[in-house]
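Q: Contents of input.pdb (PDB, C-alpha atoms (C1' of nucleotides)):
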```pdb
ATOM      1  CA  MET A 240      -0.456  -0.782 -36.572
ATOM      2  CA  SER A 241      -0.317  -4.548 -36.354
ATOM      3  CA  VAL A 242      -1.170  -6.815 -33.491
ATOM      4  CA  PRO A 243       2.354  -8.332 -33.245
ATOM      5  CA  LEU A 244       3.813  -4.880 -32.662
ATOM      6  CA  TYR A 245       1.452  -4.303 -29.757
ATOM      7  CA  GLN A 246       2.493  -7.639 -28.363
ATOM      8  CA  ALA A 247       6.145  -6.677 -28.645
ATOM      9  CA  LYS A 248       5.468  -3.451 -26.768
ATOM     10  CA  ALA A 249       3.477  -5.252 -24.103
ATOM     11  CA  GLU A 250       6.229  -7.826 -23.695
ATOM     12  CA  MET A 251       8.744  -5.041 -23.242
ATOM     13  CA  PHE A 252       6.757  -3.532 -20.368
ATOM     14  CA  ARG A 253       5.901  -6.893 -18.865
ATOM     15  CA  THR A 254       9.640  -7.538 -18.703
ATOM     16  CA  LEU A 255       9.965  -4.644 -16.260
ATOM     17  CA  GLY A 256       7.002  -5.799 -14.191
ATOM     18  CA  HIS A 257       8.879  -7.561 -11.424
ATOM     19  CA  PRO A 258      10.585  -6.097  -8.355
ATOM     20  CA  VAL A 259      13.839  -7.971  -8.822
ATOM     21  CA  ARG A 260      14.077  -7.061 -12.487
ATOM     22  CA  ILE A 261      13.395  -3.379 -11.771
ATOM     23  CA  ARG A 262      16.059  -3.457  -9.126
ATOM     24  CA  VAL A 263      18.588  -5.013 -11.490
ATOM     25  CA  LEU A 264      17.945  -2.361 -14.125
ATOM     26  CA  GLU A 265      18.347   0.430 -11.608
ATOM     27  CA  LEU A 266      21.660  -1.008 -10.448
ATOM     28  CA  LEU A 267      22.860  -1.398 -14.038
ATOM     29  CA  GLN A 268      22.204   2.270 -14.767
ATOM     30  CA  ALA A 269      25.464   3.012 -12.963
ATOM     31  CA  GLY A 270      27.366   0.742 -15.367
ATOM     32  CA  PRO A 271      28.092  -2.969 -15.956
ATOM     33  CA  ARG A 272      28.112  -5.211 -12.908
ATOM     34  CA  PRO A 273      28.910  -8.833 -12.195
ATOM     35  CA  VAL A 274      26.145 -11.189 -11.098
ATOM     36  CA  ARG A 275      28.066 -11.552  -7.865
ATOM     37  CA  ASP A 276      27.460  -7.886  -6.987
ATOM     38  CA  LEU A 277      23.795  -7.962  -7.960
ATOM     39  CA  LEU A 278      23.347 -10.988  -5.742
ATOM     40  CA  SER A 279      24.905  -9.277  -2.773
ATOM     41  CA  GLU A 280      22.588  -6.269  -3.151
ATOM     42  CA  ILE A 281      19.278  -7.869  -3.996
ATOM     43  CA  ASP A 282      18.496 -10.597  -1.429
ATOM     44  CA  VAL A 283      17.179 -13.334  -3.675
ATOM     45  CA  GLU A 284      18.227 -16.912  -4.379
ATOM     46  CA  PRO A 285      21.001 -17.183  -6.981
ATOM     47  CA  SER A 286      18.844 -19.363  -9.207
ATOM     48  CA  ASN A 287      15.972 -16.913  -8.977
ATOM     49  CA  LEU A 288      18.216 -14.014  -9.960
ATOM     50  CA  SER A 289      19.464 -16.037 -12.892
ATOM     51  CA  GLN A 290      15.878 -16.635 -14.008
ATOM     52  CA  GLN A 291      15.100 -12.940 -13.851
ATOM     53  CA  LEU A 292      18.300 -12.063 -15.694
ATOM     54  CA  ALA A 293      17.310 -14.551 -18.378
ATOM     55  CA  VAL A 294      13.972 -12.739 -18.800
ATOM     56  CA  LEU A 295      15.776  -9.431 -19.224
ATOM     57  CA  ARG A 296      18.213 -10.998 -21.708
ATOM     58  CA  ARG A 297      15.424 -12.604 -23.746
ATOM     59  CA  THR A 298      13.696  -9.256 -24.258
ATOM     60  CA  GLY A 299      17.026  -7.662 -25.064
ATOM     61  CA  VAL A 300      17.113  -4.884 -22.476
ATOM     62  CA  VAL A 301      20.352  -6.248 -20.998
ATOM     63  CA  VAL A 302      23.363  -8.065 -22.415
ATOM     64  CA  SER A 303      25.877 -10.298 -20.648
ATOM     65  CA  PHE A 304      29.524 -11.100 -21.178
ATOM     66  CA  ARG A 305      32.275 -12.802 -19.307
ATOM     67  CA  ASP A 306      35.115 -11.008 -17.555
ATOM     68  CA  GLY A 307      37.630 -13.349 -15.950
ATOM     69  CA  GLY A 308      35.809 -15.653 -13.585
ATOM     70  CA  LEU A 309      32.673 -13.486 -13.462
ATOM     71  CA  VAL A 310      29.674 -12.920 -15.725
ATOM     72  CA  MET A 311      28.887  -9.257 -16.241
ATOM     73  CA  TYR A 312      25.565  -7.689 -17.141
ATOM     74  CA  ALA A 313      24.937  -4.298 -18.749
ATOM     75  CA  LEU A 314      22.033  -2.324 -20.148
ATOM     76  CA  SER A 315      21.764  -2.879 -23.891
ATOM     77  CA  THR A 316      20.772   0.781 -24.385
ATOM     78  CA  PRO A 317      20.839   3.853 -22.147
ATOM     79  CA  ASP A 318      17.203   4.505 -23.166
ATOM     80  CA  VAL A 319      16.239   2.159 -20.348
ATOM     81  CA  ALA A 320      17.073   4.952 -17.925
ATOM     82  CA  ASP A 321      14.414   7.151 -19.560
ATOM     83  CA  LEU A 322      11.847   4.449 -19.114
ATOM     84  CA  LEU A 323      12.622   4.085 -15.434
ATOM     85  CA  ALA A 324      12.584   7.855 -14.966
ATOM     86  CA  ALA A 325       9.187   8.139 -16.692
ATOM     87  CA  GLY A 326       7.879   5.350 -14.475
ATOM     88  CA  ARG A 327       9.025   7.212 -11.400
ATOM     89  CA  ARG A 328       7.281  10.385 -12.528
ATOM     90  CA  ILE A 329       4.001   8.594 -13.139
ATOM     91  CA  LEU A 330       4.214   6.824  -9.830
ATOM     92  CA  GLY A 331       4.685  10.203  -8.180
ATOM     93  CA  ALA A 332       1.691  11.688  -9.988
ATOM     94  CA  VAL A 333      -0.519   8.695  -9.299
ATOM     95  CA  LEU A 334       0.363   8.385  -5.634
ATOM     96  CA  SER A 335       0.266  12.104  -4.974
ATOM     97  CA  ASP A 336      -2.856  11.880  -2.856
ATOM     98  CA  ARG A 337      -3.087   8.251  -1.945
ATOM     99  CA  ASP A 338      -0.935   6.337   0.524
ATOM    100  CA  GLY A 339       2.349   6.813   2.309
ATOM    101  CA  LEU A 340       4.508   5.545  -0.506
ATOM    102  CA  LEU A 341       4.762   9.050  -1.899
ATOM    103  CA  ALA A 342       6.849  10.473   0.892
ATOM    104  CA  GLU A 343       9.273   7.622   0.481
ATOM    105  CA  LEU A 344       9.473   8.078  -3.253
ATOM    106  CA  LYS A 345      10.426  11.712  -2.754
ATOM    107  CA  ALA A 346      12.859  11.036   0.073
ATOM    108  CA  HIS A 347      14.850   8.547  -1.973
ATOM    109  CA  SER A 348      14.514   9.719  -5.542
ATOM    110  CA  ALA A 349      17.935  11.352  -5.731
ATOM    111  CA  ALA A 350      19.780   8.397  -4.206
ATOM    112  CA  ASP A 351      17.898   5.906  -6.343
ATOM    113  CA  GLN A 352      18.905   7.317  -9.690
TER     114      GLN A 352
ATOM    115  CA  MET B 236      14.857   2.063  -0.967
ATOM    116  CA  SER B 237      12.204  -0.216   0.429
ATOM    117  CA  VAL B 238      10.787  -3.385  -1.011
ATOM    118  CA  PRO B 239       7.197  -2.017  -1.206
ATOM    119  CA  LEU B 240       8.381   0.814  -3.434
ATOM    120  CA  TYR B 241       9.949  -1.664  -5.838
ATOM    121  CA  GLN B 242       6.698  -3.541  -5.866
ATOM    122  CA  ALA B 243       4.777  -0.385  -6.683
ATOM    123  CA  LYS B 244       7.128   0.329  -9.567
ATOM    124  CA  ALA B 245       6.856  -3.220 -10.843
ATOM    125  CA  GLU B 246       3.070  -3.079 -10.614
ATOM    126  CA  MET B 247       3.066   0.115 -12.628
ATOM    127  CA  PHE B 248       5.005  -1.532 -15.468
ATOM    128  CA  ARG B 249       3.077  -4.775 -15.248
ATOM    129  CA  THR B 250      -0.067  -2.719 -15.775
ATOM    130  CA  LEU B 251       1.246  -1.758 -19.206
ATOM    131  CA  GLY B 252       2.227  -5.307 -20.053
ATOM    132  CA  HIS B 253      -0.807  -6.256 -22.107
ATOM    133  CA  PRO B 254      -1.534  -5.504 -25.776
ATOM    134  CA  VAL B 255      -5.075  -4.229 -25.170
ATOM    135  CA  ARG B 256      -3.990  -1.973 -22.328
ATOM    136  CA  ILE B 257      -1.123  -0.526 -24.390
ATOM    137  CA  ARG B 258      -3.539   0.130 -27.205
ATOM    138  CA  VAL B 259      -5.994   1.897 -24.896
ATOM    139  CA  LEU B 260      -3.275   4.166 -23.539
ATOM    140  CA  GLU B 261      -2.091   5.078 -27.015
ATOM    141  CA  LEU B 262      -5.628   5.959 -28.044
ATOM    142  CA  LEU B 263      -6.122   8.047 -24.906
ATOM    143  CA  GLN B 264      -3.048  10.119 -25.655
ATOM    144  CA  ALA B 265      -5.171  12.031 -28.157
ATOM    145  CA  GLY B 266      -7.650  12.937 -25.412
ATOM    146  CA  PRO B 267     -10.581  11.431 -23.485
ATOM    147  CA  ARG B 268     -12.638   8.811 -25.294
ATOM    148  CA  PRO B 269     -15.807   6.849 -24.553
ATOM    149  CA  VAL B 270     -15.624   3.089 -24.049
ATOM    150  CA  ARG B 271     -17.790   2.819 -27.153
ATOM    151  CA  ASP B 272     -14.994   4.256 -29.333
ATOM    152  CA  LEU B 273     -12.285   2.151 -27.744
ATOM    153  CA  LEU B 274     -14.384  -0.922 -28.388
ATOM    154  CA  SER B 275     -14.834  -0.071 -32.049
ATOM    155  CA  GLU B 276     -11.085   0.347 -32.523
ATOM    156  CA  ILE B 277      -9.663  -2.503 -30.515
ATOM    157  CA  ASP B 278     -11.381  -5.769 -31.518
ATOM    158  CA  VAL B 279     -11.916  -7.377 -28.153
ATOM    159  CA  GLU B 280     -14.996  -8.558 -26.242
ATOM    160  CA  PRO B 281     -16.723  -5.771 -24.302
ATOM    161  CA  SER B 282     -16.279  -7.634 -21.038
ATOM    162  CA  ASN B 283     -12.618  -8.161 -21.742
ATOM    163  CA  LEU B 284     -12.099  -4.466 -22.465
ATOM    164  CA  SER B 285     -13.878  -3.626 -19.217
ATOM    165  CA  GLN B 286     -11.548  -5.934 -17.332
ATOM    166  CA  GLN B 287      -8.499  -4.301 -18.849
ATOM    167  CA  LEU B 288      -9.858  -0.818 -18.163
ATOM    168  CA  ALA B 289     -10.403  -1.880 -14.567
ATOM    169  CA  VAL B 290      -6.733  -2.869 -14.319
ATOM    170  CA  LEU B 291      -5.679   0.534 -15.639
ATOM    171  CA  ARG B 292      -8.050   2.278 -13.230
ATOM    172  CA  ARG B 293      -6.818   0.279 -10.242
ATOM    173  CA  THR B 294      -3.222   1.339 -10.851
ATOM    174  CA  GLY B 295      -4.371   4.898 -11.406
ATOM    175  CA  VAL B 296      -2.975   5.558 -14.881
ATOM    176  CA  VAL B 297      -6.457   6.313 -16.224
ATOM    177  CA  VAL B 298      -9.606   7.853 -14.761
ATOM    178  CA  SER B 299     -13.220   7.445 -15.858
ATOM    179  CA  PHE B 300     -16.295   9.669 -15.716
ATOM    180  CA  ARG B 301     -19.738   9.698 -17.184
ATOM    181  CA  ASP B 302     -20.796  12.016 -19.992
ATOM    182  CA  GLY B 303     -24.443  11.635 -20.937
ATOM    183  CA  GLY B 304     -25.127   8.019 -21.764
ATOM    184  CA  LEU B 305     -21.449   7.134 -22.184
ATOM    185  CA  VAL B 306     -18.558   6.367 -19.865
ATOM    186  CA  MET B 307     -15.419   8.276 -20.772
ATOM    187  CA  TYR B 308     -11.821   7.354 -20.012
ATOM    188  CA  ALA B 309      -8.795   9.648 -19.885
ATOM    189  CA  LEU B 310      -5.117   9.472 -18.913
ATOM    190  CA  SER B 311      -4.659  10.528 -15.298
ATOM    191  CA  THR B 312      -1.395  12.259 -16.185
ATOM    192  CA  PRO B 313       0.287  13.222 -19.478
ATOM    193  CA  ASP B 314       3.488  11.602 -18.176
ATOM    194  CA  VAL B 315       2.088   8.358 -19.545
ATOM    195  CA  ALA B 316       2.957   9.587 -23.019
ATOM    196  CA  ASP B 317       6.639   9.803 -22.008
ATOM    197  CA  LEU B 318       6.562   6.234 -20.826
ATOM    198  CA  LEU B 319       5.116   4.997 -24.103
ATOM    199  CA  ALA B 320       7.626   7.072 -26.074
ATOM    200  CA  ALA B 321      10.527   5.661 -24.055
ATOM    201  CA  GLY B 322       9.182   2.154 -24.652
ATOM    202  CA  ARG B 323       9.068   2.795 -28.368
ATOM    203  CA  ARG B 324      12.665   3.995 -28.390
ATOM    204  CA  ILE B 325      13.908   0.947 -26.527
ATOM    205  CA  LEU B 326      11.978  -1.369 -28.777
ATOM    206  CA  GLY B 327      13.598   0.329 -31.743
ATOM    207  CA  ALA B 328      17.067  -0.040 -30.243
ATOM    208  CA  VAL B 329      16.508  -3.635 -29.229
ATOM    209  CA  LEU B 330      15.030  -4.762 -32.524
ATOM    210  CA  SER B 331      17.505  -2.828 -34.647
ATOM    211  CA  ASP B 332      19.262  -5.959 -35.840
ATOM    212  CA  ARG B 333      16.796  -8.699 -35.169
ATOM    213  CA  ASP B 334      13.516  -9.447 -36.959
ATOM    214  CA  GLY B 335      11.114  -7.708 -39.312
ATOM    215  CA  LEU B 336       9.232  -5.841 -36.634
ATOM    216  CA  LEU B 337      11.666  -2.954 -36.905
ATOM    217  CA  ALA B 338      10.597  -1.838 -40.353
ATOM    218  CA  GLU B 339       7.014  -1.782 -39.218
ATOM    219  CA  LEU B 340       7.866   0.215 -36.138
ATOM    220  CA  LYS B 341       9.528   2.858 -38.260
ATOM    221  CA  ALA B 342       6.790   2.912 -40.909
ATOM    222  CA  HIS B 343       4.054   3.559 -38.392
ATOM    223  CA  SER B 344       5.724   5.555 -35.648
ATOM    224  CA  ALA B 345       4.406   8.933 -36.830
ATOM    225  CA  ALA B 346       0.831   7.745 -37.284
ATOM    226  CA  ASP B 347       0.851   5.877 -34.002
ATOM    227  CA  GLN B 348       1.707   8.798 -31.803
TER     228      GLN B 348
ATOM    229  C1'  DA C 297      43.198 -33.964 -15.176
ATOM    230  C1'  DC C 298      40.865 -32.372 -10.982
ATOM    231  C1'  DA C 299      38.503 -29.574  -7.808
ATOM    232  C1'  DC C 300      36.297 -25.308  -6.869
ATOM    233  C1'  DG C 301      33.294 -21.363  -7.090
ATOM    234  C1'  DA C 302      30.208 -18.857 -10.239
ATOM    235  C1'  DA C 303      26.263 -18.988 -12.780
ATOM    236  C1'  DT C 304      22.732 -21.300 -15.330
ATOM    237  C1'  DT C 305      19.204 -24.830 -16.420
ATOM    238  C1'  DG C 306      15.238 -27.985 -15.732
ATOM    239  C1'  DA C 307      11.354 -29.119 -13.564
ATOM    240  C1'  DA C 308       7.353 -29.114 -10.256
ATOM    241  C1'  DG C 309       3.944 -26.883  -7.374
ATOM    242  C1'  DA C 310       1.797 -22.720  -5.884
ATOM    243  C1'  DC C 311      -0.076 -18.699  -7.509
ATOM    244  C1'  DT C 312      -1.725 -15.101 -10.708
ATOM    245  C1'  DT C 313      -3.569 -13.470 -15.000
ATOM    246  C1'  DC C 314      -6.371 -13.920 -19.086
ATOM    247  C1'  DT C 315     -10.554 -14.849 -21.719
ATOM    248  C1'  DG C 316     -15.371 -15.490 -22.683
ATOM    249  C1'  DC C 317     -19.921 -16.364 -21.022
ATOM    250  C1'  DA C 318     -23.940 -15.217 -18.543
ATOM    251  C1'  DA C 319     -25.997 -12.226 -15.409
ATOM    252  C1'  DT C 320     -26.285  -7.578 -13.522
ATOM    253  C1'  DT C 321     -26.174  -2.573 -12.873
ATOM    254  C1'  DC C 322     -26.931   1.973 -14.363
ATOM    255  C1'  DG C 323     -28.606   6.048 -16.715
ATOM    256  C1'  DG C 324     -31.489   8.026 -20.211
ATOM    257  C1'  DC C 325     -35.761   8.365 -22.500
ATOM    258  C1'  DA C 326     -40.432   7.184 -24.144
TER     259       DA C 326
ATOM    260  C1'  DT D 238     -42.771   3.024 -14.669
ATOM    261  C1'  DG D 239     -40.653   0.109 -18.042
ATOM    262  C1'  DC D 240     -37.489  -0.545 -21.765
ATOM    263  C1'  DC D 241     -33.079  -0.177 -24.111
ATOM    264  C1'  DG D 242     -28.270   0.158 -24.956
ATOM    265  C1'  DA D 243     -23.881   0.887 -22.495
ATOM    266  C1'  DA D 244     -20.781  -0.862 -19.415
ATOM    267  C1'  DT D 245     -19.485  -3.674 -15.560
ATOM    268  C1'  DT D 246     -19.187  -7.792 -12.559
ATOM    269  C1'  DG D 247     -18.684 -12.737 -11.235
ATOM    270  C1'  DC D 248     -17.113 -16.758 -12.439
ATOM    271  C1'  DA D 249     -14.578 -20.927 -14.298
ATOM    272  C1'  DG D 250     -11.301 -23.061 -17.171
ATOM    273  C1'  DA D 251      -7.041 -22.298 -19.728
ATOM    274  C1'  DA D 252      -2.668 -20.259 -19.893
ATOM    275  C1'  DG D 253       1.172 -18.102 -18.062
ATOM    276  C1'  DT D 254       4.457 -16.610 -14.240
ATOM    277  C1'  DC D 255       7.048 -17.191  -9.910
ATOM    278  C1'  DT D 256       9.874 -19.635  -6.650
ATOM    279  C1'  DT D 257      12.720 -23.191  -5.063
ATOM    280  C1'  DC D 258      15.201 -27.431  -5.389
ATOM    281  C1'  DA D 259      18.550 -30.323  -7.310
ATOM    282  C1'  DA D 260      21.466 -31.105 -11.081
ATOM    283  C1'  DT D 261      24.501 -29.181 -14.608
ATOM    284  C1'  DT D 262      27.730 -26.286 -17.190
ATOM    285  C1'  DC D 263      31.659 -23.508 -17.563
ATOM    286  C1'  DG D 264      36.019 -21.369 -16.782
ATOM    287  C1'  DT D 265      40.038 -20.783 -13.510
ATOM    288  C1'  DG D 266      43.754 -22.231 -10.998
ATOM    289  C1'  DT D 267      46.481 -26.013  -9.059
TER     290       DT D 267
END
```
The structure in this file should be written as structure tokens.
A:
Amino acid sequence: MSVPLYQAKAEMFRTLGHPVRIRVLELLQAGPRPVRDLLSEIDVEPSNLSQQLAVLRRTGVVVSFRDGGLVMYALSTPDVADLLAAGRRILGAVLSDRDGLLAELKAHSAADQ
Amino acid sequence: MSVPLYQAKAEMFRTLGHPVRIRVLELLQAGPRPVRDLLSEIDVEPSNLSQQLAVLRRTGVVVSFRDGGLVMYALSTPDVADLLAAGRRILGAVLSDRDGLLAELKAHSAADQ
DNA sequence: ACACGAATTGAAGACTTCTGCAATTCGGCA
DNA sequence: TGCCGAATTGCAGAAGTCTTCAATTCGTGT
């Protein structure tokens, strides 16, 4: 297995390694959404959100298109949901006897899908 | 869902966002291995590998223990394998009509499990 | 053509991560 | 006890990421 392939994999995971970007992906699991909506739910500067969306676009995990006066974003593949779900499971396993984040993870896991 | 939980999720993914760390996790999927072995397979300075192992330990995705004269590392939960598999699938989907990395991904996917 | 809101881009400073070197710790064994 | 290899730690410079500001693009509607 070549070094470039490992770098591609690493880049893929690094793309998810930011709270705003995780949040965007979770919101997009429910279907395409305009930037407008993401902005109203995420509490971040518009320019910052745009930067994070650009990171997600560059790696190819989301795509964007225009619909009327709004720009829409969508997951490029539903496989992203599996990745997020696997991340949740590991977080649960890892936190299971550590700090108070676990209770919260459990309490919200259904709503956060 | 609280901000700290998003940060924990992001941290989890960021932990995987490095070629050496990805490589270590893939090697550990086959079972516990001593640092010695990892070093012989990864081509990185010993101190650098130690730093990356420390990152993985801090997040809790791997654990370490001593066995005779060697330090062993192992996955803390088999769920990590799911995460890597999901990453591979997304990479395949994302690269499917881009550059030459796709062919390589396919050619090696069985051996790289 | 013009003005407006929506979204993106560019750039700078603060901050974090990465890498390699030298020094250190730690256990096992003569 | 003293030595040896295995692994880790501390550190400093280089490289990369994050955030915010101001400026810009782009389409829509008048």
Q: Starting from the PyMOL selection byres ((chain B) within 12 of (chain D)), expand the selection into actual residues of this file and give them as a VMD selection string.
A: chain B and resid 249 269 to 272 274 280 to 289 299 301 to 307
Q: As an exercise, work out the distance from atom CA of Ala321 of chain B to atom CA of Phe304 of chain A in Å and give it to one decimal place.
A: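 We find that atom CA of Ala321 of chain B and atom CA of Phe304 of chain A lie 25.5 Å from each other.
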Q: Kindly resolve the PyMOL selection byres ((chain A and resi 295-299) around 10) on the present coordinates and return the residues as a JSON list (two decimals) with C-alpha atoms, keeping the file's coordinate frame.
A:
```json
[["chain", "number", "residue", "atom", "x", "y", "z"],
["A", 247, "ALA", "CA", 6.14, -6.68, -28.64],
["A", 250, "GLU", "CA", 6.23, -7.83, -23.70],
["A", 251, "MET", "CA", 8.74, -5.04, -23.24],
["A", 252, "PHE", "CA", 6.76, -3.53, -20.37],
["A", 253, "ARG", "CA", 5.90, -6.89, -18.86],
["A", 254, "THR", "CA", 9.64, -7.54, -18.70],
["A", 255, "LEU", "CA", 9.96, -4.64, -16.26],
["A", 260, "ARG", "CA", 14.08, -7.06, -12.49],
["A", 261, "ILE", "CA", 13.40, -3.38, -11.77],
["A", 263, "VAL", "CA", 18.59, -5.01, -11.49],
["A", 264, "LEU", "CA", 17.94, -2.36, -14.12],
["A", 289, "SER", "CA", 19.46, -16.04, -12.89],
["A", 290, "GLN", "CA", 15.88, -16.64, -14.01],
["A", 291, "GLN", "CA", 15.10, -12.94, -13.85],
["A", 292, "LEU", "CA", 18.30, -12.06, -15.69],
["A", 293, "ALA", "CA", 17.31, -14.55, -18.38],
["A", 294, "VAL", "CA", 13.97, -12.74, -18.80],
["A", 300, "VAL", "CA", 17.11, -4.88, -22.48],
["A", 301, "VAL", "CA", 20.35, -6.25, -21.00],
["A", 302, "VAL", "CA", 23.36, -8.06, -22.42],
["A", 303, "SER", "CA", 25.88, -10.30, -20.65],
["A", 312, "TYR", "CA", 25.56, -7.69, -17.14],
["A", 313, "ALA", "CA", 24.94, -4.30, -18.75],
["A", 314, "LEU", "CA", 22.03, -2.32, -20.15],
["A", 315, "SER", "CA", 21.76, -2.88, -23.89],
["A", 316, "THR", "CA", 20.77, 0.78, -24.38],
["B", 325, "ILE", "CA", 13.91, 0.95, -26.53],
["B", 326, "LEU", "CA", 11.98, -1.37, -28.78],
["B", 328, "ALA", "CA", 17.07, -0.04, -30.24],
["B", 329, "VAL", "CA", 16.51, -3.64, -29.23],
["B", 330, "LEU", "CA", 15.03, -4.76, -32.52]]
```
Q: Pick out the residues sitting within 12 Å of Glu265 of chain A, and hand them over as a list of chain:residue names; count only C-alpha atoms (C1' of nucleotides), and ignore anything fewer than 6 positions along from it in its own chain.
A: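 Contacts, in chain order: A:Leu255, A:Pro258, A:Val259, A:Pro271, A:Arg272, A:Leu277, A:Glu280, A:Ile281, A:Val301, A:Ala313, A:Leu314, A:Pro317, A:Val319, A:Ala320, A:Asp321, A:Leu322, A:Leu323, A:Ala324, A:Gly326, A:Arg327, A:Ser348, A:Ala350, A:Asp351, A:Gln352, B:Met236, B:Tyr241, B:Lys244.
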Q: Name the residues that the PyMOL selection byres ((chain C) within 8 of (chain A)) pulls out of this structure, and write them as a PyMOL selection string.
A: chain C and resi 302-304
Q: Could you save those same residues with C-alpha atoms (C1' of nucleotides) as a short mmCIF file (atom, residue, chain, number, x, y, z; two decimals), keeping the file's coordinate frame?
A:
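Generated file (selection.cif):
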```
data_model
loop_
_atom_site.label_atom_id
_atom_site.label_comp_id
_atom_site.auth_asym_id
_atom_site.auth_seq_id
_atom_site.Cartn_x
_atom_site.Cartn_y
_atom_site.Cartn_z
"C1'" DA C 302 30.21 -18.86 -10.24
"C1'" DA C 303 26.26 -18.99 -12.78
"C1'" DT C 304 22.73 -21.30 -15.33
#
```
Q: What separation in Å, quoted to one decimal, exists between atom CA of Leu262 of chain B and atom C1' of DG316 of chain C?
A: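 Pair atom CA of Leu262 of chain B / atom C1' of DG316 of chain C returns 24.2 Å.
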Q: Expressed in Å to a single decimal, how great is the separation between atom CA of Arg262 of chain A and atom CA of Asp318 of chain A?
A: 16.2 Å
